[in-house]
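The file my_file-v4.cif comes next; it holds mmCIF, C-alpha atoms and all ligand atoms.
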data_entry
#
loop_
_atom_site.label_atom_id
_atom_site.label_comp_id
_atom_site.auth_asym_id
_atom_site.auth_seq_id
_atom_site.Cartn_x
_atom_site.Cartn_y
_atom_site.Cartn_z
CA MET A 1136 15.08 -16.67 -7.55
CA THR A 1137 14.66 -13.20 -9.11
CA ASP A 1138 11.63 -14.14 -11.23
CA GLU A 1139 10.17 -16.61 -8.78
CA ILE A 1140 9.78 -14.03 -6.01
CA TYR A 1141 7.29 -12.12 -8.22
CA ASP A 1142 5.13 -15.16 -8.90
CA PRO A 1143 1.73 -14.45 -7.24
CA ALA A 1144 1.59 -18.01 -5.84
CA TYR A 1145 5.03 -17.54 -4.26
CA VAL A 1146 3.99 -14.18 -2.76
CA ALA A 1147 0.69 -15.56 -1.42
CA ALA A 1148 2.47 -18.47 0.28
CA LEU A 1149 5.11 -16.13 1.73
CA PHE A 1150 2.49 -13.90 3.35
CA ASP A 1151 0.40 -16.87 4.49
CA ARG A 1152 3.47 -17.95 6.49
CA CYS A 1153 4.11 -14.41 7.82
CA SER A 1154 0.49 -13.64 8.70
CA LEU A 1155 0.50 -14.69 12.36
CA ARG A 1156 3.39 -12.41 13.31
CA TYR A 1157 3.08 -9.81 10.57
CA ARG A 1158 1.60 -6.99 12.61
CA ARG A 1159 4.02 -7.11 15.53
CA TRP A 1160 7.12 -7.95 13.50
CA SER A 1161 6.59 -5.14 10.97
CA ALA A 1162 5.94 -2.57 13.74
CA VAL A 1163 8.95 -3.59 15.84
CA SER A 1164 11.43 -4.18 13.03
CA SER A 1165 10.62 -0.77 11.49
CA PHE A 1166 10.85 0.97 14.91
CA GLY A 1167 7.26 2.11 14.47
CA PHE A 1168 7.89 3.85 11.14
CA VAL A 1169 5.27 1.74 9.36
CA TRP A 1170 2.60 3.26 11.62
CA LEU A 1171 3.78 6.78 10.76
CA TRP A 1172 3.99 6.07 7.03
CA ARG A 1173 0.48 4.58 6.94
CA ARG A 1174 -0.67 7.80 8.60
CA HIS A 1175 1.18 9.88 5.97
CA CYS A 1176 -0.42 7.79 3.23
CA VAL A 1177 -3.94 8.50 4.53
CA ASP A 1178 -3.07 12.20 5.05
CA ARG A 1179 -2.08 12.33 1.40
CA LEU A 1180 -5.32 10.58 0.42
CA ARG A 1181 -7.32 13.16 2.36
CA GLY A 1182 -5.35 15.98 0.72
CA GLN A 1183 -5.94 14.55 -2.75
CA SER A 1184 -9.66 14.16 -2.02
CA GLN A 1185 -9.75 17.93 -1.55
CA VAL A 1186 -7.63 18.58 -4.66
CA ALA A 1187 -10.04 16.39 -6.65
CA ARG A 1188 -12.88 18.79 -5.81
CA ILE A 1189 -11.18 21.71 -7.55
CA GLN A 1190 -12.01 22.20 -11.20
CA ASN A 1191 -11.18 25.26 -13.29
CA GLY A 1192 -9.97 27.02 -10.12
CA GLN A 1193 -13.35 26.51 -8.36
CA VAL A 1194 -14.27 24.12 -5.58
CA THR A 1195 -16.96 22.10 -7.26
CA LYS A 1196 -18.52 18.88 -6.05
CA ARG A 1197 -18.99 17.86 -2.41
CA ALA A 1198 -16.90 14.92 -1.28
CA PRO A 1199 -18.96 11.70 -1.01
CA LYS A 1200 -20.20 11.11 2.57
CA CYS A 1201 -19.56 7.36 2.45
CA PRO A 1202 -16.59 7.05 0.10
CA GLN A 1203 -15.95 3.68 -1.54
CA ILE A 1204 -12.29 2.97 -0.80
CA VAL A 1205 -10.35 0.09 -2.31
CA ASP A 1206 -7.42 -1.04 -0.16
CA LEU A 1207 -5.07 -2.92 -2.47
CA MET A 1208 -2.73 -5.49 -0.89
CA ALA A 1209 -4.61 -4.85 2.34
CA GLY A 1210 -2.94 -7.52 4.47
CA THR A 1211 -4.22 -7.50 8.05
CA GLY A 1212 -5.83 -4.10 7.53
CA GLU A 1213 -3.39 -2.05 9.59
CA ILE A 1214 -4.31 1.08 7.67
CA TRP A 1215 -8.03 0.92 8.42
CA PRO A 1216 -7.95 2.74 11.78
CA HIS A 1217 -6.26 5.66 9.98
CA VAL A 1218 -8.80 5.49 7.15
CA PHE A 1219 -11.74 5.54 9.57
CA ASP A 1220 -10.20 8.50 11.44
CA ALA A 1221 -10.17 10.43 8.17
CA PHE A 1222 -13.37 9.05 6.61
CA PRO A 1223 -15.57 7.62 9.40
CA ARG A 1224 -18.27 6.40 7.01
CA ALA A 1225 -15.97 4.84 4.45
CA GLN A 1226 -16.85 1.53 2.84
CA ILE A 1227 -13.62 -0.41 2.33
CA THR A 1228 -13.04 -3.19 -0.17
CA ALA A 1229 -9.94 -5.05 1.00
CA ILE A 1230 -8.07 -6.98 -1.64
CA ASP A 1231 -5.33 -9.44 -0.76
CA ILE A 1232 -3.95 -12.55 -2.35
CA SER A 1233 -3.10 -14.24 0.97
CA PRO A 1234 -6.07 -15.99 2.63
CA ASN A 1235 -4.28 -16.05 6.00
CA MET A 1236 -3.68 -12.28 5.98
CA HIS A 1237 -7.43 -11.80 5.40
CA ALA A 1238 -8.24 -14.24 8.19
CA HIS A 1239 -6.13 -12.31 10.68
CA ALA A 1240 -7.69 -9.04 9.60
CA VAL A 1241 -11.16 -10.42 10.21
CA THR A 1242 -10.62 -12.12 13.54
CA ARG A 1243 -8.37 -9.65 15.25
CA LEU A 1244 -8.77 -6.09 14.27
CA HIS A 1245 -11.99 -5.27 12.60
CA GLN A 1246 -14.95 -7.15 13.96
CA THR A 1247 -16.51 -3.90 15.15
CA ARG A 1248 -16.35 -2.37 11.68
CA SER A 1249 -17.19 -5.53 9.80
CA ARG A 1250 -20.19 -3.97 8.06
CA GLN A 1251 -17.90 -1.36 6.53
CA ILE A 1252 -15.35 -3.84 5.15
CA THR A 1253 -15.66 -6.31 2.29
CA HIS A 1254 -12.87 -8.84 1.86
CA LEU A 1255 -11.82 -10.11 -1.53
CA ASN A 1256 -9.22 -12.84 -1.77
CA ALA A 1257 -7.88 -11.89 -5.20
CA ASN A 1258 -4.84 -10.90 -7.22
CA ALA A 1259 -4.81 -7.10 -7.39
CA LEU A 1260 -3.39 -7.31 -10.91
CA ASP A 1261 -6.53 -8.84 -12.35
CA THR A 1262 -9.48 -8.09 -10.09
CA ASP A 1263 -12.88 -7.84 -11.64
CA LEU A 1264 -13.88 -4.80 -9.60
CA PRO A 1265 -16.23 -2.73 -11.77
CA THR A 1266 -14.75 0.09 -13.81
CA SER A 1267 -15.13 3.55 -12.19
CA SER A 1268 -16.46 2.02 -8.97
CA ALA A 1269 -13.99 3.48 -6.44
CA ASP A 1270 -13.87 6.98 -4.98
CA MET A 1271 -10.41 6.28 -3.60
CA VAL A 1272 -7.65 3.69 -3.86
CA VAL A 1273 -5.04 3.20 -1.17
CA ALA A 1274 -2.10 0.81 -0.74
CA THR A 1275 0.53 0.59 1.97
CA PHE A 1276 3.66 -1.53 1.57
CA GLY A 1277 2.14 -3.70 -1.14
CA LEU A 1278 4.10 -2.45 -4.17
CA LYS A 1279 7.52 -3.95 -3.57
CA THR A 1280 6.42 -7.49 -4.39
CA PHE A 1281 5.67 -6.36 -7.96
CA ASN A 1282 8.31 -6.08 -10.65
CA ALA A 1283 8.24 -3.16 -13.09
CA ASP A 1284 5.88 -4.85 -15.58
CA GLN A 1285 3.47 -5.82 -12.83
CA GLN A 1286 3.53 -2.23 -11.51
CA THR A 1287 2.50 -1.05 -14.96
CA VAL A 1288 -0.44 -3.49 -14.93
CA LEU A 1289 -1.40 -2.33 -11.43
CA ALA A 1290 -1.34 1.31 -12.53
CA HIS A 1291 -3.85 0.50 -15.28
CA GLN A 1292 -6.05 -1.35 -12.79
CA ILE A 1293 -6.03 1.69 -10.49
CA ALA A 1294 -6.89 4.04 -13.35
CA ARG A 1295 -9.69 1.69 -14.42
CA ILE A 1296 -11.40 1.20 -11.08
CA LEU A 1297 -11.18 4.86 -9.99
CA ARG A 1298 -14.11 7.07 -10.99
CA GLU A 1299 -13.36 10.41 -12.60
CA GLY A 1300 -12.51 12.88 -9.84
CA GLY A 1301 -11.44 9.98 -7.61
CA CYS A 1302 -8.07 9.91 -5.89
CA PHE A 1303 -5.37 7.51 -4.73
CA SER A 1304 -2.42 7.30 -2.36
CA LEU A 1305 0.23 4.56 -2.29
CA ILE A 1306 3.33 4.26 -0.10
CA GLU A 1307 6.19 1.78 -0.07
CA ALA A 1308 9.41 1.12 1.83
CA SER A 1309 12.24 2.12 -0.49
CA ASP A 1310 15.97 2.05 -0.98
CA PRO A 1311 17.29 5.49 0.16
CA LYS A 1312 19.95 5.86 -2.56
CA GLY A 1313 22.34 8.74 -1.89
CA TRP A 1314 21.59 8.92 1.83
CA LEU A 1315 24.72 9.08 3.98
CA LEU A 1316 23.44 6.41 6.34
CA ARG A 1317 22.25 4.08 3.56
CA PRO A 1318 25.02 1.51 4.21
CA LEU A 1319 23.79 1.17 7.81
CA TYR A 1320 20.19 0.93 6.67
CA ARG A 1321 21.08 -1.77 4.13
CA ALA A 1322 23.14 -3.67 6.68
CA TYR A 1323 20.12 -3.66 8.96
CA LEU A 1324 17.75 -4.94 6.25
CA ASP A 1325 20.13 -7.36 4.56
CA ARG A 1326 22.07 -8.77 7.52
CA ALA A 1327 20.64 -7.85 10.93
CA LEU A 1328 16.97 -8.58 10.17
CA PRO A 1329 17.60 -12.04 8.67
CA LEU A 1330 19.73 -12.92 11.70
CA LEU A 1331 17.08 -11.69 14.15
CA GLU A 1332 14.42 -13.61 12.27
CA ARG A 1333 16.44 -16.83 12.29
CA VAL A 1334 17.04 -16.51 16.03
CA PHE A 1335 13.59 -15.39 17.17
CA LEU A 1336 11.37 -17.09 14.61
CA HIS A 1337 13.00 -20.51 14.69
CA GLY A 1338 15.02 -20.30 11.51
CA ALA A 1339 12.33 -18.68 9.37
CA GLN A 1340 13.51 -16.47 6.52
CA ASP A 1341 10.28 -14.95 5.31
CA PHE A 1342 10.32 -11.41 6.70
CA SER A 1343 13.96 -11.18 5.57
CA MET A 1344 12.70 -11.10 1.99
CA ILE A 1345 11.96 -7.41 2.51
CA GLY A 1346 15.67 -6.72 1.89
CA ALA A 1347 15.63 -8.28 -1.59
CA TYR A 1348 12.24 -6.81 -2.47
CA THR A 1349 13.10 -3.22 -1.44
CA GLN A 1350 16.48 -3.36 -3.19
CA ASN A 1351 14.87 -4.55 -6.44
CA PHE A 1352 11.95 -2.14 -6.05
CA GLY A 1353 14.11 0.96 -5.57
CA ASP A 1354 11.42 3.56 -5.04
CA CYS A 1355 8.00 4.65 -6.34
CA ALA A 1356 9.47 6.44 -9.39
CA HIS A 1357 8.47 3.72 -11.88
CA MET A 1358 5.00 3.48 -10.33
CA ALA A 1359 4.66 7.27 -10.67
CA ASP A 1360 5.53 7.07 -14.39
CA ALA A 1361 3.16 4.14 -14.92
CA LEU A 1362 0.28 5.97 -13.21
CA ARG A 1363 0.91 9.08 -15.34
CA ALA A 1364 1.00 6.95 -18.47
CA ALA A 1365 -2.36 5.48 -17.39
CA GLY A 1366 -3.83 9.01 -17.43
CA LEU A 1367 -3.70 9.98 -13.74
CA ASN A 1368 -2.36 13.15 -12.11
CA VAL A 1369 0.52 12.12 -9.85
CA THR A 1370 2.67 13.72 -7.16
CA TYR A 1371 5.70 11.93 -5.73
CA GLN A 1372 7.14 12.26 -2.21
CA ARG A 1373 10.09 10.94 -0.24
CA HIS A 1374 9.74 10.14 3.45
CA PHE A 1375 12.59 10.04 5.99
CA PHE A 1376 15.51 10.45 3.55
CA GLY A 1377 13.85 8.16 1.02
CA CYS A 1378 13.40 5.12 3.32
CA ALA A 1379 9.83 5.24 2.04
CA THR A 1380 8.41 6.91 -1.06
CA SER A 1381 4.82 7.60 -2.00
CA VAL A 1382 2.66 8.55 -4.95
CA ALA A 1383 -0.70 10.25 -4.66
CA GLY A 1384 -3.01 11.93 -7.12
CA THR A 1385 -6.33 12.12 -8.86
CA LYS A 1386 -8.15 10.83 -11.91
CA PRO A 1387 -8.94 13.86 -14.05
CA ILE A 1388 -12.53 14.69 -14.91
CA ALA A 1389 -13.05 14.67 -18.66
CA PRO A 1390 -14.24 18.05 -19.96
CA ASP A 1391 -17.92 18.20 -20.92
CA ALA A 1392 -18.57 17.62 -24.62
CA PRO A 1393 -19.37 20.90 -26.42
CA ALA A 1394 -23.09 21.56 -26.81
CA PRO A 1395 -24.34 20.65 -30.31
C1 LIG B 1401 3.78 -6.07 3.27
S1 LIG B 1401 2.10 -6.56 3.25
C2 LIG B 1401 1.26 -5.01 3.48
C3 LIG B 1401 -0.04 -5.19 4.19
C4 LIG B 1401 -0.75 -3.90 4.62
N1 LIG B 1401 -1.18 -3.12 3.49
C5 LIG B 1401 0.04 -3.07 5.59
O1 LIG B 1401 0.07 -1.84 5.49
O2 LIG B 1401 0.60 -3.66 6.52
C6 LIG B 1401 1.86 -6.86 1.51
C7 LIG B 1401 0.53 -7.54 1.24
O3 LIG B 1401 0.34 -7.56 -0.18
C8 LIG B 1401 -0.31 -8.77 -0.51
N2 LIG B 1401 -0.11 -9.02 -1.95
C9 LIG B 1401 1.06 -9.23 -2.58
N3 LIG B 1401 0.86 -9.42 -3.90
C10 LIG B 1401 -0.48 -9.31 -4.10
C11 LIG B 1401 -1.32 -9.38 -5.25
N4 LIG B 1401 -0.82 -9.65 -6.47
N5 LIG B 1401 -2.64 -9.20 -5.09
C12 LIG B 1401 -3.18 -8.94 -3.87
N6 LIG B 1401 -2.42 -8.88 -2.74
C13 LIG B 1401 -1.10 -9.05 -2.86
C14 LIG B 1401 0.33 -9.79 0.41
O4 LIG B 1401 -0.43 -10.97 0.55
C15 LIG B 1401 0.46 -8.99 1.70
O5 LIG B 1401 -0.65 -9.18 2.54
#

For the file at hand, write its structure as structure tokens.
Ligand SMILES: C[S@@+](CC[C@H](N)C(=O)[O-])C[C@H]1O[C@@H](n2cnc3c(N)ncnc32)[C@H](O)[C@@H]1O
Amino acid sequence: MTDEIYDPAYVAALFDRCSLRYRRWSAVSSFGFVWLWRRHCVDRLRGQSQVARIQNGQVTKRAPKCPQIVDLMAGTGEIWPHVFDAFPRAQITAIDISPNMHAHAVTRLHQTRSRQITHLNANALDTDLPTSSADMVVATFGLKTFNADQQTVLAHQIARILREGGCFSLIEASDPKGWLLRPLYRAYLDRALPLLERVFLHGAQDFSMIGAYTQNFGDCAHMADALRAAGLNVTYQRHFFGCATSVAGTKPIAPDAPAP
């Protein structure tokens, strides 16, 4: 089971099955926290886009008017309303491995913005997006289905597709180790949610996988290390006692070569 749940084909099939109810189930079962955390993730992206403009203590380049934003593990695109609030003219490339998640994103939420969104049904670990093509990379709740080695590969992908001076922000549900109420939180994820899913979704056990994935994932600490090792500037944050953690940062601009 442990290795199988990180097989991309297994993950794609899991989310294909979840796609119809994903939006409502994730909002209700998290008591609305996913909405708030997506918002935090985009706030951090906006903050990093300002940080990226500072070089040698001076505010240098203007931010691009129509930033190219790659949304990794985009799912049904729940983050896009937040992205368009922050960057109204953004062009989003949405990457997801589950065809059904893409289909729900297209038909339900984003017809009005369709010219600003490109959908790619692909594995985020080996996309052929051009090097240095993205101004920003964002990902919400798409890290936990990667094991540590896969996170390292993803960090290199992010560093590769970001242009110099570009920025990123990633957030993931996490295991709040050390929190007084962690036993309650774990009981909810590991026991209550599976029971609710069996009762209300006719015996399904797909959403319940979040318990196993978040426990194995831990938090964004490994991702932070992997992104640093890939050459990015990284800051790490905990949200609501560590029930989510996030990493955000920039791709440094290489210093100009000395004049001959
Ligand atoms: C929990 S959902 C998050 C969706 C969305 N970002 C959100 O905020 O609701 C995780 C998504 O990651 C996608 N995913 C998982 N592994 C992937 C991979 N290797 N490449 C691309 N997408 C992947 C799944 O298909 C699923 O749609």

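Taking all atoms listed in the file into account, ligand LIG 1401 (chain B) has within 6 Å the residues Pro1143, Val1146, Ala1147, Phe1150, Met1208, Ala1209, Gly1210, Gly1212, Glu1213, Ile1214, Ile1230, Asp1231, Ile1232, Ser1233, Met1236, Ala1257, Asn1258, Ala1259, Leu1260, Ala1274, Thr1275, Phe1276, Gly1277 and Thr1280 of chain A.
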
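With distances restricted to only C-alpha atoms, A:Leu1362 is the closest residue to Arg1295 of chain A from A:Leu1278, A:Val1169, A:Leu1362, A:Ala1322.
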
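Atom to atom, atom CA of Asp1261 of chain A and atom CA of Thr1380 of chain A stand 24.5 Å apart.
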
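Across the model, the gap from atom CA of Thr1253 of chain A to atom CA of Met1271 of chain A is 14.9 Å.
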
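Near Gln1372 of chain A, within 8 Å and counting all atoms listed in the file, sit Thr1370, His1374, Thr1380, Ser1381 and Val1382 of chain A; same-chain residues fewer than 2 positions away were not included.
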
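Between atom CA of Ala1364 of chain A and atom CA of Val1273 of chain A the separation is 18.7 Å.
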
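Proximity to Asp1360 of chain A at 10 Å, evaluated using only C-alpha atoms and with sequence-adjacent residues fewer than 2 positions away removed, yields Gln1286, Thr1287, Ala1290, Cys1355, Ala1356, His1357, Met1358, Leu1362, Arg1363, Ala1364, Ala1365, Leu1367, Val1369, Tyr1371 and Val1382 of chain A.
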